[in-house]
Amino acid sequence: MTELGASVVPPQIAQQVAESLGYFVDIHELQALAYSVIGRATGAEGGCITASAAGGLAVSVAACMTGSSLGAVESLPDTSALKRRKVVIQKGHVVDFGGLIPQMIRLTGAQVVEVGTATVCHPYQLEYALDPETAAVVYVVSHHTVQSGLLGLGDVARLAHAAGVPVVVDAASEYDLRRFAALGADLTVFSAHKFLAGPTAGIVAGRKDLVRAAYLNQTRGLGRAMKVGKEGIAGAVAALERWLHLDHRALHEAEYRRVQAFLEGLGEVRGLRSVEVPDPTGNPITRVRVYLEGPAPAQYAAALALRLRQGSPAVAVRDNEVDQGYIELDPCNLRDEEVPIVLDRIRTVAEGLSDQIGFAPEESPAGPALGHTTLGPRYSTYTPEDLPGADLDRVPWGLDQAKLARREHGLLDWPDAWLAEVETGRVAGQEEGR
Ligand SMILES: *Cc1c(COP(=O)(O)O)cnc(C)c1O
């Protein structure tokens with residue numbers, strides 16, 4: 001998604017970004033506003049906005065090492081004087097999301113300690129690694145991770161908390177913002193620009209003391225090299241407000257109608273067999289998996305994905321498992337009128353390729369999708385019952401400048417005194433670690 005510019009931003013969010021550029025703001029007050037919106041949206045105490053989810057992961061890890069010690073914040077990535085500088089992660093979570101998870105951890109100066117094997121992690125292996133030098137456990141939720149044999153978040157949180165170690169969850173690409181705090185995450189990192197459809201930004205949500213430590217690292221520590229500006233914060237706040245007022249059920253149903261249109265259209269294309277598949281990490285999305293039939297499905301799938309991407313109009317498909325002989329089509333963020341365009345491109349490219357590869361039509365006849373299981377639309381826990389009315393007309397678009405100027409948000413959750421300390425670099429009660 002990053003290669004595609006991450007997301008399609010709805011006009012109301014774009015408007016809020018544009019408005020924020022026209023005046024000065026009190027950036028701490030804007031972050032304080034974000035703190036409360038993040039709390040409402042995620043079920044955590046609150047949060048702060050970062051440059052990206054990857055940046056959010058780095059400042060979250062840093063927060064677990066430095067606590068509120070500004071001396072420690074400024075010393076990173078030199079961790080030689082810190083008591084806790086190891087970050088534990090299951091080997092099956094050491095993945096490439098477009099960047100490398102371990103590098104995002106190491107750039108804080110933390111030492112990455114991998115536990116278990118690529119496909120299995122036992123509780124005793126994690127327990128053994130949780131020593132007095134451990135600052136955090138990083139838990140990654142992603143279709144890139146190994147999907148079986150590893151410890152679940154509930155177990156990891158239980159074992160880590162028993163050892164007094166906080167858990168940082170990378171949930172950059174997850175739809176349900178409330179699941180992770182409920183399962184015991186101390187800090188969770190989301191992307192503002194994936195499902196949330198905001199501008200590029202990261203969201204760190206969690207325990208107040210750790211969020212503050214993360215914010216300290218964001219504003220006065222290594223996060224300064226990955227700064228988020230007022231436009232990113234304003235846009236992320238708008239995206240979260242929209243999320244809280246969105247009719248998620250209607251969204252899932254609209255997406256599923258696109259899935260059905262894909263299945264119907266692809267049934268007529270020679271050499272393809274399409275099935276519905278659920279999202280591997282439980283996101284409420286049904287996708288279309290398109291198997292390529294014939295003599296060399298892996299090469300055929302790779303060639304199909306490449307030619308679709310290089311064609312005009314360019315069509316990007318999920319191609320991370322082409323070596324298994326299939327591509328996948330994603331109904332998210334696609335406009336209805338784009339569905340026939342995608343179908344037309346797939347038909348043209350696939351039939352051209354199958355002529356070239358040269359298998360006979362009778363070997364893989366056109367016809368309805370074979371082995372087709374209907375999954376139907378899959379619903380998130382963000383259902384209308386759960387929300388303040390699921391009514392986009394009630395989203396408070398636009399920042400209330402009067403409230404911001406009165407520092408109403410800051411007075412609630414980010415006491416002025418503390419913010420003044422951040423500004424002047426004199427943070428009281430400097431306490432390292434958790
Ligand atoms: C997308 C993604 C990231 C990176 O998110 P950005 O906001 O682009 O930095 C990190 N981790 C996972 C699991 C992701 O899916």
# chains A, B, ... in the order shown; residues from 1 in each chain; ligands from 1

$ residues_around --residues "Val113 (chain A)" --least-positions-apart "2" --cutoff "9 Å" --atoms "only C-alpha atoms" --output "list in words"
Lys86, Val87, Val88, Ile89, Gln90, Lys91, Gln111, Val115 and Ala129 of chain A

$ residues_around --residues "Gly46 (chain A)" --least-positions-apart "4" --cutoff "12 Å" --atoms "only C-alpha atoms" --output "compact mmCIF listing (two decimals) with N, CA, C and O atoms, in the first residue's frame"
# COMPACT_ATOMS: atom_id res chain seq x y z
N GLN A 31 -1.77 17.67 20.17
CA GLN A 31 -1.46 16.28 20.56
C GLN A 31 -2.33 15.86 21.75
O GLN A 31 -2.70 14.69 21.86
N ALA A 32 -2.65 16.80 22.61
CA ALA A 32 -3.52 16.48 23.75
C ALA A 32 -4.93 16.16 23.28
O ALA A 32 -5.59 15.26 23.81
N LEU A 33 -5.38 16.89 22.26
CA LEU A 33 -6.67 16.57 21.65
C LEU A 33 -6.61 15.16 21.06
O LEU A 33 -7.52 14.34 21.26
N ALA A 34 -5.50 14.87 20.36
CA ALA A 34 -5.33 13.53 19.78
C ALA A 34 -5.36 12.48 20.89
O ALA A 34 -5.95 11.40 20.72
N TYR A 35 -4.73 12.79 22.04
CA TYR A 35 -4.69 11.84 23.16
C TYR A 35 -6.10 11.35 23.52
O TYR A 35 -6.34 10.16 23.66
N SER A 36 -7.04 12.29 23.61
CA SER A 36 -8.38 11.88 24.03
C SER A 36 -9.13 11.17 22.91
O SER A 36 -9.86 10.20 23.16
N VAL A 37 -8.95 11.60 21.67
CA VAL A 37 -9.62 10.91 20.55
C VAL A 37 -9.09 9.48 20.43
O VAL A 37 -9.86 8.52 20.23
N ILE A 38 -7.78 9.33 20.59
CA ILE A 38 -7.18 7.99 20.50
C ILE A 38 -7.74 7.10 21.61
O ILE A 38 -8.06 5.93 21.39
N GLY A 39 -7.89 7.68 22.80
CA GLY A 39 -8.46 6.91 23.91
C GLY A 39 -9.85 6.41 23.58
O GLY A 39 -10.17 5.23 23.78
N ARG A 40 -10.69 7.30 23.05
CA ARG A 40 -12.06 6.89 22.71
C ARG A 40 -12.08 5.82 21.63
O ARG A 40 -12.87 4.89 21.65
N ALA A 41 -11.19 5.97 20.64
CA ALA A 41 -11.23 5.05 19.50
C ALA A 41 -10.62 3.69 19.81
O ALA A 41 -11.02 2.69 19.22
N THR A 42 -9.66 3.64 20.73
CA THR A 42 -8.93 2.38 20.94
C THR A 42 -9.26 1.69 22.25
O THR A 42 -8.88 0.53 22.44
N ARG A 178 -9.66 -1.74 18.96
CA ARG A 178 -9.89 -1.96 20.40
C ARG A 178 -9.40 -3.30 20.92
O ARG A 178 -9.34 -3.52 22.11
N ALA A 181 -5.58 -3.40 23.21
CA ALA A 181 -5.55 -2.91 24.59
C ALA A 181 -6.32 -3.92 25.46
O ALA A 181 -5.90 -4.25 26.57
N ASP A 186 0.37 -2.88 26.25
CA ASP A 186 0.64 -1.65 27.01
C ASP A 186 0.73 -0.46 26.07
O ASP A 186 0.31 0.64 26.41
N LEU A 187 1.30 -0.68 24.90
CA LEU A 187 1.29 0.33 23.82
C LEU A 187 0.93 -0.40 22.53
O LEU A 187 1.43 -1.50 22.28
N THR A 188 0.08 0.20 21.72
CA THR A 188 -0.24 -0.38 20.41
C THR A 188 -0.02 0.69 19.35
O THR A 188 -0.35 1.86 19.56
N VAL A 189 0.56 0.26 18.23
CA VAL A 189 0.87 1.19 17.15
C VAL A 189 -0.02 0.89 15.94
O VAL A 189 -0.15 -0.27 15.53
N ILE A 203 -0.11 6.13 14.97
CA ILE A 203 -0.88 6.35 16.19
C ILE A 203 -0.32 5.42 17.26
O ILE A 203 -0.25 4.21 17.04
N VAL A 204 0.12 5.99 18.37
CA VAL A 204 0.58 5.18 19.51
C VAL A 204 -0.50 5.29 20.58
O VAL A 204 -0.83 6.39 21.01
N ALA A 205 -1.06 4.15 20.99
CA ALA A 205 -2.14 4.16 21.98
C ALA A 205 -1.75 3.29 23.15
O ALA A 205 -1.13 2.24 22.96
N GLY A 206 -2.11 3.70 24.37
CA GLY A 206 -1.81 2.82 25.49
C GLY A 206 -1.86 3.47 26.84
O GLY A 206 -2.60 4.44 27.06
N ARG A 207 -1.03 2.94 27.74
CA ARG A 207 -0.95 3.40 29.13
C ARG A 207 -0.41 4.82 29.17
O ARG A 207 0.57 5.14 28.49
N LYS A 208 -1.01 5.63 30.02
CA LYS A 208 -0.66 7.05 30.06
C LYS A 208 0.84 7.29 30.30
O LYS A 208 1.46 8.10 29.61
N ASP A 209 1.42 6.58 31.26
CA ASP A 209 2.84 6.84 31.57
C ASP A 209 3.72 6.50 30.37
O ASP A 209 4.66 7.22 30.05
N LEU A 210 3.38 5.41 29.67
CA LEU A 210 4.19 5.02 28.51
C LEU A 210 3.93 5.93 27.32
O LEU A 210 4.84 6.21 26.52
N VAL A 211 2.68 6.39 27.17
CA VAL A 211 2.39 7.33 26.08
C VAL A 211 3.18 8.62 26.28
O VAL A 211 3.78 9.17 25.35
N ARG A 212 3.23 9.07 27.53
CA ARG A 212 4.01 10.27 27.81
C ARG A 212 5.49 10.05 27.49
O ARG A 212 6.15 10.93 26.91
N ALA A 214 6.65 7.97 25.35
CA ALA A 214 6.77 7.91 23.88
C ALA A 214 6.74 9.32 23.31
O ALA A 214 7.51 9.66 22.40
N TYR A 215 5.88 10.16 23.87
CA TYR A 215 5.76 11.53 23.37
C TYR A 215 7.04 12.32 23.63
O TYR A 215 7.47 13.13 22.80
N HIS A 409 -8.10 20.70 26.11
CA HIS A 409 -7.74 19.28 26.06
C HIS A 409 -6.54 19.03 26.97
O HIS A 409 -6.51 18.07 27.72
N LEU A 412 -7.07 18.64 30.66
CA LEU A 412 -7.63 17.36 31.10
C LEU A 412 -6.57 16.30 31.32
O LEU A 412 -6.45 15.73 32.40
N ASP A 413 -5.83 16.04 30.26
CA ASP A 413 -4.99 14.85 30.30
C ASP A 413 -3.50 15.11 30.29
O ASP A 413 -2.70 14.26 30.59
N TRP A 414 -3.12 16.29 29.87
CA TRP A 414 -1.70 16.60 29.77
C TRP A 414 -1.49 17.88 30.56
O TRP A 414 -1.44 18.95 29.99

$ select_by_dssp --residues "region 236-345 of chain A" --states "strand (DSSP E or B)" --output "JSON, numbers by chain"
{"A": [272, 273, 274, 275, 276, 277, 278, 286, 287, 288, 289, 290, 291, 292, 318, 326, 327, 328, 329]}

$ write_last_selection --atoms "N, CA, C and O atoms" --output "PDB file, in the first residue's frame"
ATOM      1  N   LEU A 272      -8.454 -19.213 -15.121  1.00  0.00           N
ATOM      2  CA  LEU A 272      -8.450 -18.687 -13.755  1.00  0.00           C
ATOM      3  C   LEU A 272      -9.499 -19.412 -12.920  1.00  0.00           C
ATOM      4  O   LEU A 272     -10.556 -19.785 -13.427  1.00  0.00           O
ATOM      5  N   ARG A 273      -9.191 -19.620 -11.640  1.00  0.00           N
ATOM      6  CA  ARG A 273     -10.166 -20.201 -10.709  1.00  0.00           C
ATOM      7  C   ARG A 273     -10.156 -19.330  -9.465  1.00  0.00           C
ATOM      8  O   ARG A 273      -9.113 -19.129  -8.843  1.00  0.00           O
ATOM      9  N   SER A 274     -11.319 -18.805  -9.124  1.00  0.00           N
ATOM     10  CA  SER A 274     -11.362 -17.802  -8.054  1.00  0.00           C
ATOM     11  C   SER A 274     -12.152 -18.285  -6.851  1.00  0.00           C
ATOM     12  O   SER A 274     -13.195 -18.912  -7.005  1.00  0.00           O
ATOM     13  N   VAL A 275     -11.660 -17.993  -5.677  1.00  0.00           N
ATOM     14  CA  VAL A 275     -12.366 -18.336  -4.442  1.00  0.00           C
ATOM     15  C   VAL A 275     -12.322 -17.151  -3.482  1.00  0.00           C
ATOM     16  O   VAL A 275     -11.445 -16.298  -3.575  1.00  0.00           O
ATOM     17  N   GLU A 276     -13.277 -17.141  -2.541  1.00  0.00           N
ATOM     18  CA  GLU A 276     -13.251 -16.117  -1.502  1.00  0.00           C
ATOM     19  C   GLU A 276     -12.328 -16.589  -0.386  1.00  0.00           C
ATOM     20  O   GLU A 276     -12.368 -17.747  -0.001  1.00  0.00           O
ATOM     21  N   VAL A 277     -11.515 -15.686   0.133  1.00  0.00           N
ATOM     22  CA  VAL A 277     -10.670 -16.049   1.281  1.00  0.00           C
ATOM     23  C   VAL A 277     -10.804 -14.998   2.381  1.00  0.00           C
ATOM     24  O   VAL A 277     -10.954 -13.813   2.103  1.00  0.00           O
ATOM     25  N   PRO A 278     -10.728 -15.467   3.641  1.00  0.00           N
ATOM     26  CA  PRO A 278     -10.779 -14.511   4.759  1.00  0.00           C
ATOM     27  C   PRO A 278      -9.415 -13.853   4.951  1.00  0.00           C
ATOM     28  O   PRO A 278      -8.396 -14.401   4.541  1.00  0.00           O
ATOM     29  N   THR A 286     -13.233  -9.848   3.152  1.00  0.00           N
ATOM     30  CA  THR A 286     -13.198 -11.036   2.313  1.00  0.00           C
ATOM     31  C   THR A 286     -12.489 -10.620   1.035  1.00  0.00           C
ATOM     32  O   THR A 286     -12.835  -9.595   0.443  1.00  0.00           O
ATOM     33  N   ARG A 287     -11.478 -11.369   0.649  1.00  0.00           N
ATOM     34  CA  ARG A 287     -10.771 -11.052  -0.602  1.00  0.00           C
ATOM     35  C   ARG A 287     -11.019 -12.146  -1.634  1.00  0.00           C
ATOM     36  O   ARG A 287     -11.556 -13.207  -1.315  1.00  0.00           O
ATOM     37  N   VAL A 288     -10.614 -11.886  -2.853  1.00  0.00           N
ATOM     38  CA  VAL A 288     -10.747 -12.880  -3.914  1.00  0.00           C
ATOM     39  C   VAL A 288      -9.355 -13.417  -4.225  1.00  0.00           C
ATOM     40  O   VAL A 288      -8.445 -12.645  -4.533  1.00  0.00           O
ATOM     41  N   ARG A 289      -9.203 -14.720  -4.072  1.00  0.00           N
ATOM     42  CA  ARG A 289      -7.940 -15.353  -4.443  1.00  0.00           C
ATOM     43  C   ARG A 289      -8.110 -15.958  -5.831  1.00  0.00           C
ATOM     44  O   ARG A 289      -9.041 -16.727  -6.065  1.00  0.00           O
ATOM     45  N   VAL A 290      -7.225 -15.607  -6.730  1.00  0.00           N
ATOM     46  CA  VAL A 290      -7.335 -16.049  -8.121  1.00  0.00           C
ATOM     47  C   VAL A 290      -6.201 -17.021  -8.411  1.00  0.00           C
ATOM     48  O   VAL A 290      -5.029 -16.632  -8.474  1.00  0.00           O
ATOM     49  N   TYR A 291      -6.558 -18.299  -8.525  1.00  0.00           N
ATOM     50  CA  TYR A 291      -5.551 -19.322  -8.853  1.00  0.00           C
ATOM     51  C   TYR A 291      -5.346 -19.343 -10.354  1.00  0.00           C
ATOM     52  O   TYR A 291      -6.298 -19.265 -11.135  1.00  0.00           O
ATOM     53  N   LEU A 292      -4.094 -19.476 -10.757  1.00  0.00           N
ATOM     54  CA  LEU A 292      -3.769 -19.562 -12.163  1.00  0.00           C
ATOM     55  C   LEU A 292      -3.599 -21.031 -12.506  1.00  0.00           C
ATOM     56  O   LEU A 292      -2.823 -21.731 -11.865  1.00  0.00           O
ATOM     57  N   ARG A 318      -2.575  -8.040  -4.879  1.00  0.00           N
ATOM     58  CA  ARG A 318      -1.728  -8.603  -3.815  1.00  0.00           C
ATOM     59  C   ARG A 318      -0.922  -9.743  -4.431  1.00  0.00           C
ATOM     60  O   ARG A 318      -1.494 -10.730  -4.877  1.00  0.00           O
ATOM     61  N   TYR A 326      -0.998 -17.988  -7.068  1.00  0.00           N
ATOM     62  CA  TYR A 326      -2.201 -17.165  -7.068  1.00  0.00           C
ATOM     63  C   TYR A 326      -1.885 -15.705  -6.779  1.00  0.00           C
ATOM     64  O   TYR A 326      -0.829 -15.374  -6.247  1.00  0.00           O
ATOM     65  N   ILE A 327      -2.847 -14.857  -7.167  1.00  0.00           N
ATOM     66  CA  ILE A 327      -2.839 -13.457  -6.767  1.00  0.00           C
ATOM     67  C   ILE A 327      -4.114 -13.219  -5.958  1.00  0.00           C
ATOM     68  O   ILE A 327      -5.006 -14.073  -5.954  1.00  0.00           O
ATOM     69  N   GLU A 328      -4.195 -12.075  -5.267  1.00  0.00           N
ATOM     70  CA  GLU A 328      -5.436 -11.759  -4.557  1.00  0.00           C
ATOM     71  C   GLU A 328      -5.899 -10.345  -4.896  1.00  0.00           C
ATOM     72  O   GLU A 328      -5.088  -9.456  -5.145  1.00  0.00           O
ATOM     73  N   LEU A 329      -7.226 -10.195  -4.910  1.00  0.00           N
ATOM     74  CA  LEU A 329      -7.838  -8.887  -5.182  1.00  0.00           C
ATOM     75  C   LEU A 329      -8.482  -8.378  -3.900  1.00  0.00           C
ATOM     76  O   LEU A 329      -9.157  -9.123  -3.196  1.00  0.00           O
TER      77      LEU A 329
END

$ residues_near_ligand --ligand "ligand 1" --cutoff "7 Å" --atoms "only C-alpha atoms and all ligand atoms" --output "VMD selection string"
chain A and resid 2 52 to 55 97 140 to 142 170 to 173 191 to 193 200 to 202

$ residues_around --residues "Arg309 (chain A)" --least-positions-apart "2" --cutoff "12 Å" --atoms "only C-alpha atoms" --output "PyMOL selection string"
chain A and resi 3-4+302-307+311-319+342+345-346+349

$ residues_around --residues "Leu126 (chain A)" --least-positions-apart "4" --cutoff "10 Å" --atoms "only C-alpha atoms" --output "ChimeraX atom specification"
/A:88-90,114-116,121-122,130-131,137,151,156,159-160

$ decode --residues "region 224-236 of chain A" --atoms "all heavy atoms" --output "PDB file, in the first residue's frame"
ATOM      1  N   ARG A 224      12.476  13.218  16.788  1.00  0.00           N
ATOM      2  CA  ARG A 224      12.607  14.495  16.102  1.00  0.00           C
ATOM      3  C   ARG A 224      13.041  14.290  14.641  1.00  0.00           C
ATOM      4  O   ARG A 224      12.714  15.086  13.763  1.00  0.00           O
ATOM      5  CB  ARG A 224      13.616  15.367  16.845  1.00  0.00           C
ATOM      6  CG  ARG A 224      13.720  16.783  16.303  1.00  0.00           C
ATOM      7  CD  ARG A 224      12.343  17.448  16.306  1.00  0.00           C
ATOM      8  NE  ARG A 224      12.389  18.710  15.585  1.00  0.00           N
ATOM      9  CZ  ARG A 224      12.352  19.905  16.173  1.00  0.00           C
ATOM     10  NH1 ARG A 224      12.242  20.003  17.484  1.00  0.00           N
ATOM     11  NH2 ARG A 224      12.402  20.989  15.443  1.00  0.00           N
ATOM     12  N   ALA A 225      13.773  13.208  14.403  1.00  0.00           N
ATOM     13  CA  ALA A 225      14.211  12.909  13.027  1.00  0.00           C
ATOM     14  C   ALA A 225      13.072  12.309  12.206  1.00  0.00           C
ATOM     15  O   ALA A 225      13.223  12.079  11.008  1.00  0.00           O
ATOM     16  CB  ALA A 225      15.401  11.960  13.067  1.00  0.00           C
ATOM     17  N   MET A 226      11.968  12.056  12.844  1.00  0.00           N
ATOM     18  CA  MET A 226      10.776  11.543  12.133  1.00  0.00           C
ATOM     19  C   MET A 226       9.575  12.307  12.662  1.00  0.00           C
ATOM     20  O   MET A 226       8.621  11.760  13.188  1.00  0.00           O
ATOM     21  CB  MET A 226      10.623  10.032  12.316  1.00  0.00           C
ATOM     22  CG  MET A 226      11.175   9.532  13.621  1.00  0.00           C
ATOM     23  SD  MET A 226      10.913   7.782  13.917  1.00  0.00           S
ATOM     24  CE  MET A 226      12.553   7.222  14.310  1.00  0.00           C
ATOM     25  N   LYS A 227       9.664  13.622  12.524  1.00  0.00           N
ATOM     26  CA  LYS A 227       8.668  14.510  13.114  1.00  0.00           C
ATOM     27  C   LYS A 227       7.331  14.429  12.378  1.00  0.00           C
ATOM     28  O   LYS A 227       7.293  14.296  11.160  1.00  0.00           O
ATOM     29  CB  LYS A 227       9.196  15.943  13.051  1.00  0.00           C
ATOM     30  CG  LYS A 227       8.284  16.959  13.695  1.00  0.00           C
ATOM     31  CD  LYS A 227       9.004  18.266  13.915  1.00  0.00           C
ATOM     32  CE  LYS A 227       8.678  19.276  12.819  1.00  0.00           C
ATOM     33  NZ  LYS A 227       9.190  20.614  13.179  1.00  0.00           N
ATOM     34  N   VAL A 228       6.269  14.551  13.136  1.00  0.00           N
ATOM     35  CA  VAL A 228       4.949  14.701  12.533  1.00  0.00           C
ATOM     36  C   VAL A 228       4.525  16.156  12.743  1.00  0.00           C
ATOM     37  O   VAL A 228       4.709  16.714  13.820  1.00  0.00           O
ATOM     38  CB  VAL A 228       3.932  13.705  13.142  1.00  0.00           C
ATOM     39  CG1 VAL A 228       3.711  13.924  14.629  1.00  0.00           C
ATOM     40  CG2 VAL A 228       2.595  13.766  12.393  1.00  0.00           C
ATOM     41  N   GLY A 229       3.993  16.768  11.712  1.00  0.00           N
ATOM     42  CA  GLY A 229       3.586  18.165  11.794  1.00  0.00           C
ATOM     43  C   GLY A 229       2.116  18.308  12.126  1.00  0.00           C
ATOM     44  O   GLY A 229       1.388  17.318  12.274  1.00  0.00           O
ATOM     45  N   LYS A 230       1.672  19.555  12.217  1.00  0.00           N
ATOM     46  CA  LYS A 230       0.273  19.807  12.585  1.00  0.00           C
ATOM     47  C   LYS A 230      -0.691  19.190  11.576  1.00  0.00           C
ATOM     48  O   LYS A 230      -1.777  18.732  11.945  1.00  0.00           O
ATOM     49  CB  LYS A 230       0.029  21.314  12.723  1.00  0.00           C
ATOM     50  CG  LYS A 230       0.311  22.100  11.456  1.00  0.00           C
ATOM     51  CD  LYS A 230       0.080  23.589  11.651  1.00  0.00           C
ATOM     52  CE  LYS A 230       0.504  24.329  10.389  1.00  0.00           C
ATOM     53  NZ  LYS A 230       0.201  25.755  10.450  1.00  0.00           N
ATOM     54  N   GLU A 231      -0.303  19.168  10.285  1.00  0.00           N
ATOM     55  CA  GLU A 231      -1.212  18.618   9.275  1.00  0.00           C
ATOM     56  C   GLU A 231      -1.414  17.117   9.472  1.00  0.00           C
ATOM     57  O   GLU A 231      -2.519  16.602   9.282  1.00  0.00           O
ATOM     58  CB  GLU A 231      -0.716  18.947   7.858  1.00  0.00           C
ATOM     59  CG  GLU A 231       0.591  18.306   7.411  1.00  0.00           C
ATOM     60  CD  GLU A 231       1.853  18.974   7.978  1.00  0.00           C
ATOM     61  OE1 GLU A 231       1.752  19.897   8.817  1.00  0.00           O
ATOM     62  OE2 GLU A 231       2.953  18.540   7.580  1.00  0.00           O
ATOM     63  N   GLY A 232      -0.345  16.425   9.870  1.00  0.00           N
ATOM     64  CA  GLY A 232      -0.463  14.986  10.132  1.00  0.00           C
ATOM     65  C   GLY A 232      -1.330  14.714  11.344  1.00  0.00           C
ATOM     66  O   GLY A 232      -2.153  13.795  11.351  1.00  0.00           O
ATOM     67  N   ILE A 233      -1.147  15.516  12.393  1.00  0.00           N
ATOM     68  CA  ILE A 233      -1.932  15.320  13.623  1.00  0.00           C
ATOM     69  C   ILE A 233      -3.400  15.651  13.349  1.00  0.00           C
ATOM     70  O   ILE A 233      -4.301  14.880  13.698  1.00  0.00           O
ATOM     71  CB  ILE A 233      -1.397  16.191  14.779  1.00  0.00           C
ATOM     72  CG1 ILE A 233       0.103  15.948  14.984  1.00  0.00           C
ATOM     73  CG2 ILE A 233      -2.161  15.895  16.073  1.00  0.00           C
ATOM     74  CD1 ILE A 233       0.765  16.958  15.923  1.00  0.00           C
ATOM     75  N   ALA A 234      -3.642  16.795  12.691  1.00  0.00           N
ATOM     76  CA  ALA A 234      -5.023  17.202  12.398  1.00  0.00           C
ATOM     77  C   ALA A 234      -5.718  16.146  11.530  1.00  0.00           C
ATOM     78  O   ALA A 234      -6.886  15.799  11.766  1.00  0.00           O
ATOM     79  CB  ALA A 234      -5.034  18.561  11.695  1.00  0.00           C
ATOM     80  N   GLY A 235      -5.005  15.630  10.547  1.00  0.00           N
ATOM     81  CA  GLY A 235      -5.587  14.620   9.657  1.00  0.00           C
ATOM     82  C   GLY A 235      -5.857  13.310  10.380  1.00  0.00           C
ATOM     83  O   GLY A 235      -6.885  12.661  10.164  1.00  0.00           O
ATOM     84  N   ALA A 236      -4.938  12.920  11.264  1.00  0.00           N
ATOM     85  CA  ALA A 236      -5.128  11.662  12.011  1.00  0.00           C
ATOM     86  C   ALA A 236      -6.325  11.800  12.969  1.00  0.00           C
ATOM     87  O   ALA A 236      -7.105  10.856  13.137  1.00  0.00           O
ATOM     88  CB  ALA A 236      -3.860  11.298  12.774  1.00  0.00           C
TER      89      ALA A 236
END
